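Q: This is the structure I want to talk about, given as structure tokens.
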Amino acid sequence: MREGIQLVKARHYSDALAYFNGVLTLEPECAVALVHRAQCFFRLGEMYLALADCSHAAEVDQEVPGVYQLRGQILYRLGDFQEAFVYFDKAILFFREDPEAYRWRAMTYLQLDNPARAVQDFQKAVALGDEDANFYLRQHRQLTRGFDTK
């Protein structure tokens, strides 16, 4: 499994996809392989195949790391912000110390016209060490200077 994960980290998504296809041929219910294959599909622009793998992975193991956050990111990319919010919320429910999940939920709050809650989530992400969230938080504050965001 490490080889496939290293391929994903190196952004060799086609090679990683082939690797995880092989793993899933032998172990079709391997939730970790399903999430990593979903990530490959996502990075290769195959959003609906990625969603299918996320669904299957969550059915197999609802606590597999990354499944809800990835599903939220896919839905966010597809413009389905209400559904994306549900999955970022689940990601936070299962993995409370994941700053990236808070950042993504904050960005979704902005899309759903709830800037006050977005600021809270950006602040939580920053407190957990997410510098990207700090960038978005500063940018948001510059854009809303002079407006009440509560």
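Each chain of the structure tokens is named A, B, ... in the order shown, its residues numbered from 1; ligands are numbered from 1 in display order.
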I'd like the contact shell of Ala101 of chain A - 10 Å cut-off, only C-alpha atoms, skipping same-chain residues fewer than 2 positions apart - returned as a PyMOL selection string.
A: chain A and resi 66+68-70+72-73+87-93+95-99+103-107+121-122+125
Q: Each residue of segment 54-133 of chain A lying at most 12 Å from segment 24-47 of chain A should get a row with its shortest atom-to-atom pair and the distance in Å to one decimal, counting only C-alpha atoms; could you produce that, ordered by chain and increasing number, as JSON lines?
A:
```
{"residue": "A:Cys54", "atom": "CA", "partner": "A:Val35", "partner_atom": "CA", "distance": 5.9}
{"residue": "A:Ser55", "atom": "CA", "partner": "A:Leu34", "partner_atom": "CA", "distance": 9.2}
{"residue": "A:His56", "atom": "CA", "partner": "A:Leu34", "partner_atom": "CA", "distance": 7.3}
{"residue": "A:Ala57", "atom": "CA", "partner": "A:Ala31", "partner_atom": "CA", "distance": 4.4}
{"residue": "A:Ala58", "atom": "CA", "partner": "A:Ala31", "partner_atom": "CA", "distance": 7.3}
{"residue": "A:Glu59", "atom": "CA", "partner": "A:Ala31", "partner_atom": "CA", "distance": 8.5}
{"residue": "A:Val60", "atom": "CA", "partner": "A:Ala31", "partner_atom": "CA", "distance": 6.0}
{"residue": "A:Asp61", "atom": "CA", "partner": "A:Ala31", "partner_atom": "CA", "distance": 6.2}
{"residue": "A:Gln62", "atom": "CA", "partner": "A:Ala31", "partner_atom": "CA", "distance": 8.9}
{"residue": "A:Glu63", "atom": "CA", "partner": "A:Ala31", "partner_atom": "CA", "distance": 9.4}
{"residue": "A:Val64", "atom": "CA", "partner": "A:Ala31", "partner_atom": "CA", "distance": 6.6}
{"residue": "A:Pro65", "atom": "CA", "partner": "A:Val32", "partner_atom": "CA", "distance": 7.8}
{"residue": "A:Gly66", "atom": "CA", "partner": "A:Val35", "partner_atom": "CA", "distance": 7.1}
{"residue": "A:Val67", "atom": "CA", "partner": "A:Val35", "partner_atom": "CA", "distance": 5.9}
{"residue": "A:Tyr68", "atom": "CA", "partner": "A:Val35", "partner_atom": "CA", "distance": 9.6}
{"residue": "A:Gln69", "atom": "CA", "partner": "A:Val35", "partner_atom": "CA", "distance": 10.4}
{"residue": "A:Leu70", "atom": "CA", "partner": "A:Gln39", "partner_atom": "CA", "distance": 7.2}
{"residue": "A:Arg71", "atom": "CA", "partner": "A:Ala38", "partner_atom": "CA", "distance": 8.8}
{"residue": "A:Gly72", "atom": "CA", "partner": "A:Met47", "partner_atom": "CA", "distance": 11.4}
{"residue": "A:Gln73", "atom": "CA", "partner": "A:Phe42", "partner_atom": "CA", "distance": 9.0}
{"residue": "A:Ile74", "atom": "CA", "partner": "A:Met47", "partner_atom": "CA", "distance": 6.4}
{"residue": "A:Leu75", "atom": "CA", "partner": "A:Met47", "partner_atom": "CA", "distance": 8.4}
{"residue": "A:Tyr76", "atom": "CA", "partner": "A:Met47", "partner_atom": "CA", "distance": 10.8}
{"residue": "A:Arg77", "atom": "CA", "partner": "A:Met47", "partner_atom": "CA", "distance": 8.7}
{"residue": "A:Leu78", "atom": "CA", "partner": "A:Met47", "partner_atom": "CA", "distance": 8.0}
{"residue": "A:Gly79", "atom": "CA", "partner": "A:Met47", "partner_atom": "CA", "distance": 11.7}
```
Q: Residues of the last selection are to be written out with C-alpha atoms, as a compact mmCIF listing (two decimals), in the first residue's frame.
A:
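Saved the output as result-v5.txt:
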```txt
# COMPACT_ATOMS: atom_id res chain seq x y z
CA CYS A 54 -15.78 7.51 -1.55
CA SER A 55 -19.27 6.10 -1.08
CA HIS A 56 -18.00 2.53 -1.22
CA ALA A 57 -15.14 3.29 1.20
CA ALA A 58 -17.54 4.87 3.73
CA GLU A 59 -19.85 1.85 3.47
CA VAL A 60 -16.93 -0.45 4.23
CA ASP A 61 -15.47 1.69 7.04
CA GLN A 62 -17.17 4.91 8.07
CA GLU A 63 -14.07 6.04 9.96
CA VAL A 64 -11.51 5.57 7.20
CA PRO A 65 -9.31 8.69 7.24
CA GLY A 66 -9.96 11.23 4.53
CA VAL A 67 -13.14 9.83 3.02
CA TYR A 68 -15.53 12.58 4.12
CA GLN A 69 -13.14 15.40 3.45
CA LEU A 70 -12.37 14.11 -0.03
CA ARG A 71 -16.06 13.65 -0.79
CA GLY A 72 -16.67 17.21 0.39
CA GLN A 73 -13.89 18.53 -1.84
CA ILE A 74 -15.33 16.72 -4.85
CA LEU A 75 -18.80 18.10 -4.18
CA TYR A 76 -17.34 21.57 -3.61
CA ARG A 77 -15.56 21.35 -6.96
CA LEU A 78 -18.85 20.28 -8.57
CA GLY A 79 -20.57 23.33 -7.03
```
Q: Would you pick out the contacts of Leu7 of chain A at 10 Å or less, using only C-alpha atoms, so that residues sharing its chain but fewer than 4 positions from it are not included, and give the list as JSON, numbers by chain?
A: {"A": [2, 3, 11, 12, 13, 14, 15, 16, 17, 19, 40]}
Q: Write out as a PyMOL selection string the set of residues from segment 38-99 of chain A that DSSP, computed on the backbone, places in helix (DSSP H, G or I).
A: chain A and resi 38-43+47-60+67-77+81-94+99
Q: So, counting only C-alpha atoms, which residue among A:His140, A:Tyr102, A:Phe135, A:Glu83 is closest to Pro115 of chain A?
A: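 Closest to Pro115 of chain A of all the choices is A:His140.
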Q: Rounded to one decimal in Å, what is the spacing between atom CA of Val8 of chain A and atom CA of Ala118 of chain A?
A: 29.7 Å
Q: If you measure from atom CA of Asp132 of chain A to atom CA of Phe81 of chain A, what distance in Å do you get, rounded to one decimal?
A: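 Going from atom CA of Asp132 of chain A over to atom CA of Phe81 of chain A, I get 20.0 Å.
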Q: Could you please determine the separation between atom CA of Ala50 of chain A and atom CA of Lys124 of chain A in Å, to one decimal place?
A: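 About the pair atom CA of Ala50 of chain A and atom CA of Lys124 of chain A: they are 28.1 Å apart.
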